[in-house]
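Asker: Dropping in work-v4.txt, with compact mmCIF, C-alpha atoms.
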```
# COMPACT_ATOMS: atom_id res chain seq x y z
CA MET R 16 116.65 106.99 105.07
CA GLY R 17 120.33 107.99 105.05
CA LYS R 18 122.59 108.28 102.05
CA PRO R 19 124.06 105.07 100.55
CA VAL R 20 127.34 104.11 102.17
CA VAL R 21 129.45 104.58 99.04
CA GLU R 22 128.05 108.07 98.57
CA ARG R 23 128.87 108.95 102.18
CA PHE R 24 132.36 107.55 101.67
CA THR R 25 133.04 109.72 98.63
CA GLY R 26 131.70 112.75 100.49
CA PHE R 27 134.12 111.96 103.32
CA LEU R 28 137.05 111.72 100.89
CA ALA R 29 136.25 115.07 99.31
CA SER R 30 135.40 117.07 102.42
CA GLU R 31 137.52 115.56 105.20
CA ARG R 32 140.43 113.94 103.38
CA ASN R 33 140.70 116.72 100.78
CA ALA R 34 141.18 114.07 98.11
CA SER R 35 141.40 115.16 94.49
CA ALA R 36 138.41 114.64 92.22
CA GLU R 37 140.34 111.94 90.36
CA THR R 38 141.06 110.06 93.61
CA VAL R 39 137.42 110.34 94.69
CA ARG R 40 136.24 108.88 91.39
CA ALA R 41 138.78 106.04 91.51
CA TYR R 42 138.01 105.07 95.12
CA ARG R 43 134.28 105.24 94.51
CA ARG R 44 134.66 102.98 91.50
CA GLU R 45 136.53 100.34 93.54
CA ALA R 46 134.02 100.47 96.41
CA GLU R 47 131.15 100.01 93.96
CA ARG R 48 132.96 97.07 92.33
CA LEU R 49 133.34 95.38 95.69
CA GLN R 50 129.69 96.02 96.47
CA ARG R 51 128.60 94.42 93.18
CA PHE R 52 130.93 91.46 93.73
CA LEU R 53 129.56 90.77 97.20
CA ARG R 54 125.98 90.86 95.98
CA GLU R 55 126.64 88.65 92.95
CA ASP R 56 128.83 86.24 94.92
CA GLY R 57 126.17 85.84 97.58
CA CYS R 58 128.74 85.68 100.35
CA VAL R 59 126.99 88.30 102.46
CA GLY R 60 123.43 87.35 101.75
CA ASP R 61 120.87 89.12 99.59
CA ALA R 62 120.52 92.13 101.84
CA ASP R 63 120.38 95.47 100.08
CA PRO R 64 122.45 97.38 101.03
CA VAL R 65 125.30 94.94 101.70
CA ASP R 66 125.80 93.88 105.29
CA TRP R 67 129.43 94.98 105.56
CA SER R 68 129.84 93.39 108.99
CA LYS R 69 129.78 89.98 107.30
CA VAL R 70 132.67 90.72 104.91
CA THR R 71 135.78 88.66 105.66
CA ALA R 72 139.39 88.74 104.55
CA SER R 73 138.66 85.60 102.54
CA ASP R 74 135.95 87.45 100.62
CA LEU R 75 138.38 90.24 99.84
CA ARG R 76 141.11 87.88 98.69
CA ARG R 77 138.65 86.25 96.29
CA PHE R 78 137.58 89.69 95.05
CA PHE R 79 141.15 90.87 94.50
CA SER R 80 142.10 87.61 92.82
CA LEU R 81 139.39 88.14 90.22
CA GLN R 82 140.43 91.76 89.78
CA PHE R 83 144.12 91.10 89.39
CA ASP R 84 143.90 88.01 87.18
CA ALA R 85 141.34 89.40 84.75
CA PRO R 86 142.84 90.57 81.42
CA ARG R 87 142.71 94.27 80.62
CA GLY R 88 140.40 95.09 77.72
CA ASP R 89 141.53 93.86 74.32
CA THR R 90 145.21 93.61 75.26
CA GLY R 91 144.81 90.40 77.24
CA LYS R 92 147.38 91.66 79.75
CA LYS R 93 146.91 91.62 83.50
CA ILE R 94 146.79 94.89 85.41
CA ARG R 95 150.08 96.39 86.52
CA PRO R 96 151.27 95.99 90.13
CA ALA R 97 150.91 99.74 90.71
CA THR R 98 147.27 99.61 89.61
CA ALA R 99 146.63 96.57 91.80
CA ALA R 100 148.18 98.36 94.78
CA ARG R 101 145.88 101.33 94.25
CA LYS R 102 142.86 99.02 94.21
CA VAL R 103 143.89 97.46 97.54
CA SER R 104 144.47 100.93 99.01
CA ALA R 105 141.02 102.09 97.90
CA ILE R 106 139.25 99.13 99.51
CA ARG R 107 141.35 99.37 102.66
CA THR R 108 140.44 103.07 102.96
CA PHE R 109 136.76 102.37 102.32
CA LEU R 110 136.53 99.67 104.98
CA GLY R 111 138.55 101.85 107.35
CA PHE R 112 135.90 104.53 106.86
CA LEU R 113 133.23 102.01 107.90
CA VAL R 114 135.22 101.13 111.04
CA ALA R 115 135.65 104.80 111.96
CA HIS R 116 131.91 105.36 111.64
CA GLY R 117 130.98 102.33 113.72
CA GLU R 118 129.42 100.30 110.92
CA ILE R 119 131.86 97.38 111.25
CA GLY R 120 134.05 96.30 114.14
CA ALA R 121 137.35 95.70 112.30
CA ASN R 122 138.87 96.27 108.89
CA PRO R 123 139.21 92.87 107.10
CA ALA R 124 141.59 94.41 104.55
CA VAL R 125 144.28 95.29 107.08
CA GLY R 126 146.13 91.99 106.75
CA ILE R 127 146.01 91.87 102.95
CA PRO R 128 149.35 93.00 101.51
CA SER R 129 149.53 95.34 98.54
CA PRO R 130 151.21 93.94 95.42
CA ARG R 131 154.85 94.91 95.19
CA ARG R 132 155.28 97.81 92.80
CA ALA R 133 157.95 97.46 90.17
CA MET R 134 160.73 100.03 90.58
CA ARG R 135 160.87 101.72 87.19
CA LEU R 136 163.01 104.68 86.27
CA PRO R 137 160.83 107.62 85.27
CA GLU R 138 160.72 108.39 81.57
CA PHE R 139 162.05 111.74 80.40
CA LEU R 140 163.57 113.47 77.40
CA PRO R 141 167.16 114.73 77.44
CA VAL R 142 167.47 118.53 77.47
CA ASP R 143 168.46 118.84 73.81
CA GLU R 144 165.55 116.66 72.65
CA MET R 145 163.07 118.54 74.82
CA ASP R 146 164.36 121.86 73.49
CA ALA R 147 164.06 120.64 69.89
CA PHE R 148 160.56 119.26 70.50
CA LEU R 149 159.14 122.39 72.13
CA GLY R 150 160.99 124.71 69.75
CA GLY R 151 159.49 122.93 66.76
CA LEU R 152 155.86 123.10 67.85
CA PRO R 153 153.52 124.80 65.35
CA ARG R 154 152.06 128.03 66.75
CA GLY R 155 150.01 129.52 63.93
CA THR R 156 146.34 128.76 64.64
CA PRO R 157 144.51 129.40 67.95
CA ARG R 158 144.50 125.65 68.59
CA GLU R 159 148.25 125.41 67.96
CA LYS R 160 148.87 128.37 70.25
CA ARG R 161 146.84 126.66 72.98
CA ASP R 162 148.66 123.34 72.53
CA ALA R 163 152.08 125.02 72.61
CA ALA R 164 151.14 126.93 75.79
CA ILE R 165 150.00 123.69 77.45
CA LEU R 166 153.17 121.75 76.63
CA GLU R 167 155.50 124.65 77.45
CA LEU R 168 153.80 125.08 80.85
CA LEU R 169 153.91 121.35 81.63
CA TYR R 170 157.67 121.31 81.15
CA SER R 171 158.40 124.79 82.52
CA SER R 172 156.64 124.28 85.86
CA GLY R 173 156.47 120.49 86.29
CA LEU R 174 152.71 120.41 86.86
CA ARG R 175 150.67 117.24 87.15
CA VAL R 176 148.31 117.03 84.19
CA GLY R 177 145.29 117.22 86.51
CA GLU R 178 146.70 120.38 88.09
CA LEU R 179 147.16 121.99 84.69
CA CYS R 180 143.61 121.15 83.62
CA ALA R 181 142.23 122.62 86.87
CA LEU R 182 143.93 126.00 86.40
CA ARG R 183 141.74 129.08 86.19
CA VAL R 184 142.64 132.31 84.45
CA ARG R 185 143.18 133.95 87.85
CA ASP R 186 145.84 131.36 88.77
CA LEU R 187 148.31 132.65 86.19
CA SER R 188 150.25 135.83 87.00
CA MET R 189 152.16 137.16 84.00
CA GLU R 190 153.47 140.00 86.18
CA THR R 191 155.20 137.75 88.74
CA SER R 192 155.92 134.88 86.31
CA THR R 193 154.16 132.37 88.56
CA VAL R 194 151.19 130.04 88.54
CA ARG R 195 149.06 129.18 91.58
CA VAL R 196 148.48 125.42 91.66
CA THR R 197 146.05 123.37 93.74
CA GLY R 198 147.67 119.97 94.16
CA LYS R 199 146.95 116.73 95.95
CA GLY R 200 145.05 117.14 99.20
CA ARG R 201 143.98 120.58 97.91
CA LYS R 202 147.33 121.98 98.95
CA VAL R 203 148.12 125.23 97.19
CA ARG R 204 151.60 126.11 95.99
CA VAL R 205 153.05 128.86 93.80
CA VAL R 206 155.38 127.68 91.03
CA PRO R 207 157.65 129.76 88.77
CA VAL R 208 156.92 129.90 85.04
CA GLY R 209 159.81 130.21 82.62
CA ARG R 210 160.27 132.87 79.95
CA LYS R 211 159.47 130.63 76.97
CA ALA R 212 156.31 129.32 78.63
CA LEU R 213 155.20 132.87 79.47
CA LEU R 214 155.70 133.88 75.84
CA ALA R 215 153.59 130.93 74.65
CA LEU R 216 150.91 131.68 77.25
CA GLY R 217 150.79 135.33 76.20
CA LYS R 218 150.24 134.38 72.55
CA TYR R 219 147.52 131.92 73.55
CA LEU R 220 145.70 134.39 75.81
CA ALA R 221 145.70 136.93 72.99
CA VAL R 222 143.48 134.63 70.90
CA ARG R 223 141.66 132.73 73.67
CA PRO R 224 137.90 133.33 73.41
CA PRO R 225 135.75 133.87 76.52
CA ALA R 226 134.19 130.72 77.95
CA ARG R 227 130.54 130.54 76.93
CA GLY R 228 127.64 129.95 79.30
CA ASP R 229 126.72 131.16 82.76
CA ALA R 230 128.87 128.80 84.80
CA PHE R 231 131.47 131.46 85.63
CA ARG R 232 130.87 134.81 87.24
CA SER R 233 133.85 136.49 85.60
CA VAL R 234 136.74 135.81 83.24
CA PRO R 235 139.20 135.07 86.10
CA ASP R 236 136.93 132.17 87.16
CA GLU R 237 137.08 130.54 83.73
CA PRO R 238 139.35 127.56 82.92
CA LEU R 239 142.70 128.74 81.65
CA PHE R 240 142.77 126.13 78.89
CA LEU R 241 139.55 125.58 76.96
CA ASN R 242 138.77 122.40 75.08
CA LEU R 243 138.67 122.36 71.30
CA ARG R 244 134.98 123.23 71.07
CA GLY R 245 135.60 126.31 73.18
CA ILE R 246 138.63 127.30 71.08
CA ALA R 247 136.59 126.85 67.91
CA GLY R 248 133.80 129.00 69.34
CA LYS R 249 131.17 126.27 69.10
CA GLY R 250 129.73 126.96 72.50
CA THR R 251 131.04 125.35 75.66
CA GLU R 252 132.55 126.57 78.91
CA ARG R 253 134.36 123.34 79.74
CA GLY R 254 138.08 123.25 80.37
CA ILE R 255 140.44 120.81 78.70
CA SER R 256 140.66 117.27 80.10
CA PRO R 257 143.75 115.22 81.07
CA ARG R 258 142.93 112.78 78.29
CA SER R 259 142.96 115.61 75.75
CA VAL R 260 146.33 116.83 77.02
CA ALA R 261 147.77 113.30 76.64
CA ARG R 262 146.41 113.17 73.09
CA ILE R 263 147.90 116.57 72.23
CA LEU R 264 151.32 115.47 73.47
CA ARG R 265 151.12 112.17 71.60
CA GLU R 266 150.08 113.87 68.35
CA ARG R 267 152.82 116.49 68.56
CA LEU R 268 155.46 113.88 69.32
CA ASP R 269 154.25 111.65 66.49
CA ALA R 270 154.55 114.58 64.12
CA ARG R 271 158.23 114.88 65.07
CA VAL R 272 159.04 111.21 65.52
CA GLY R 273 162.02 111.51 63.20
CA ALA R 274 163.52 114.24 65.36
CA VAL R 275 162.59 113.02 68.84
CA GLY R 276 162.33 109.29 68.22
CA ARG R 277 160.38 108.42 71.37
CA HIS R 278 157.04 108.84 73.12
CA LEU R 279 156.23 110.57 76.37
CA SER R 280 153.26 110.92 78.71
CA PRO R 281 152.24 114.21 80.38
CA HIS R 282 153.78 112.80 83.57
CA GLY R 283 156.97 112.27 81.58
CA MET R 284 157.07 116.03 80.99
CA ARG R 285 156.98 116.44 84.77
CA HIS R 286 159.78 113.89 85.17
CA SER R 287 161.80 115.77 82.56
CA PHE R 288 161.32 119.03 84.47
CA ALA R 289 162.58 117.54 87.73
CA THR R 290 165.44 115.57 86.20
CA HIS R 291 166.77 118.55 84.27
CA LEU R 292 166.62 120.76 87.35
CA LEU R 293 168.55 118.18 89.34
CA GLU R 294 171.15 117.72 86.62
CA SER R 295 171.65 121.51 86.60
CA GLY R 296 172.38 121.53 90.33
CA ALA R 297 169.03 122.60 91.78
CA ASP R 298 168.45 121.84 95.46
CA LEU R 299 166.38 118.71 96.07
CA ARG R 300 164.13 120.45 98.60
CA ALA R 301 163.41 123.27 96.16
CA ILE R 302 162.43 120.68 93.55
CA GLN R 303 160.21 118.99 96.15
CA GLU R 304 158.39 122.26 96.81
CA MET R 305 157.88 123.00 93.12
CA LEU R 306 156.58 119.48 92.43
CA GLY R 307 154.26 119.58 95.44
CA HIS R 308 155.60 116.33 96.92
CA ALA R 309 154.55 115.75 100.52
CA SER R 310 157.64 113.63 101.19
CA LEU R 311 161.24 114.22 100.16
CA SER R 312 161.59 110.47 99.55
CA THR R 313 159.28 110.83 96.53
CA THR R 314 161.49 113.55 95.08
CA GLN R 315 164.62 111.50 95.74
CA ARG R 316 163.64 109.15 92.91
CA TYR R 317 165.06 111.78 90.59
CA ALA R 318 168.39 111.60 92.40
CA ARG R 319 168.51 107.89 91.59
CA VAL R 320 167.63 108.66 87.98
CA ASN R 321 170.45 111.16 87.82
CA VAL R 322 172.93 108.65 89.22
CA SER R 323 171.76 105.95 86.82
CA HIS R 324 172.25 108.38 83.93
CA LEU R 325 175.82 109.00 85.06
CA VAL R 326 176.47 105.26 85.40
CA ARG R 327 175.21 104.60 81.88
CA THR R 328 177.38 107.41 80.53
CA TYR R 329 180.40 106.02 82.39
CA GLU R 330 179.83 102.46 81.18
CA GLY R 331 179.50 103.64 77.60
CA ALA R 332 182.57 105.84 77.67
CA HIS R 333 185.18 104.32 79.99
CA PRO R 334 187.35 101.78 78.14
CA LEU R 335 187.56 99.41 81.11
CA ALA R 336 183.86 99.56 81.98
CA ARG R 337 182.64 97.86 78.81
CA PRO R 338 182.20 94.06 78.78
CA GLY R 339 185.12 92.15 77.36
CA ASN R 340 187.70 94.78 78.24
CA SER R 341 190.27 94.04 80.90
CA ARG R 342 193.58 95.46 82.04
CA ARG R 343 196.50 93.39 80.84
CA GLY R 344 199.12 92.56 83.39
CA GLY R 345 199.31 93.68 86.98
CA ARG R 346 200.37 96.86 88.60
CA GLY R 347 204.09 97.60 88.29
```
Would you write the structure of this file as structure tokens?

Answerer:
Amino acid sequence: MGKPVVERFTGFLASERNASAETVRAYRREAERLQRFLREDGCVGDADPVDWSKVTASDLRRFFSLQFDAPRGDTGKKIRPATAARKVSAIRTFLGFLVAHGEIGANPAVGIPSPRRAMRLPEFLPVDEMDAFLGGLPRGTPREKRDAAILELLYSSGLRVGELCALRVRDLSMETSTVRVTGKGRKVRVVPVGRKALLALGKYLAVRPPARGDAFRSVPDEPLFLNLRGIAGKGTERGISPRSVARILRERLDARVGAVGRHLSPHGMRHSFATHLLESGADLRAIQEMLGHASLSTTQRYARVNVSHLVRTYEGAHPLARPGNSRRGGRG
């Protein structure tokens, strides 16, 4: 008997689509949710596995309606449009996989529109606040040295948090001041690392213990950033997780809330990197390459952010731009 369809789908994503591990997990989760819904709803019969050829657009609309209208956890809020759009994309890709492999004749999700994503300006810290935040990080203990190296590298090189967590020791070159990053679609790029980040990394590497266990053949194969158990020498070879990085950033910001006065996600560090480069006159295509964006249109969001920043500055400073102010009289 062949592998279950969802398992074959996730194998296809990883091997043929070069999807990241995070994308594979997310798409698998949505496919499994749809499978459970169809079985519980009884709209495709009691066959096990599900007879996907019987799935209709109406079934999918009912499934998505339940997904989108259900409150999230204890907050009672509905899921965000961006999250809903990703769910539709996952199911559309899954059913497209079934079409490509001859298991169904047509994709019933093709005509279902994705929810409109709200256009939000990316969050970022101004240069002076970022400099004060990073400059004030504690760097005494091995854990503090690790945390400082993580946050300095996030800002210095604009890495996605998943990319940072996937780094191996061999990916960092102190000699060339670069880091080798495997991004979305397993595309590899080389990104510069700034002087302050290199200094923080050097201090961390000086106290970083070897990863324990037999999972790695040599030190270069080990994760660059170990989790807290590894730092404390309690026996683990696991690298740090994106959730841990988000917690580190939140804790360090909370400790300086009086100085910084705002909160930021790891992705906000990446936004700050790109925005500050653009404001300093960096070429948009160079920023695109460093960020690992497949399309320049994705990078161009930062151009809009930069313009909006200028507009806000203008409206706050120009005497005739503020509400209630008007020029008296006409031109002479």

Asker: To one decimal place in Å, what is the distance between CA of Tyr42 in chain R and CA of Leu264 in chain R?

Answerer: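 We find that CA of Tyr42 in chain R and CA of Leu264 in chain R lie 27.5 Å from each other.
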
Asker: What's the separation between CA of Leu149 in chain R and CA of Leu213 in chain R, in Å to one decimal place?

Answerer: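 Atom-to-atom, CA of Leu149 in chain R and CA of Leu213 in chain R are spaced 13.4 Å apart.
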
Asker: Show which residues sit within 12 Å of Arg161 in chain R, as number ranges by chain. Count all atoms listed in the file, and ignore same-chain residues fewer than 6 positions away.

Answerer: R: 152-155, 167-168, 212, 214-224, 239-243, 245-247, 254-255, 260, 263

Asker: Provide the CA of Asp143 in chain R to CA of Arg267 in chain R distance in Å, to one decimal place.

Answerer: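 Result for CA of Asp143 in chain R versus CA of Arg267 in chain R: 16.7 Å, one decimal.
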
Asker: Of the candidates R:Thr156, R:Ser80, R:Ser172, R:Thr25, which one gets nearest to Thr108 in chain R if we count all atoms listed in the file?

Answerer: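 With all atoms listed in the file as the atom set, the closest residue is R:Thr25.
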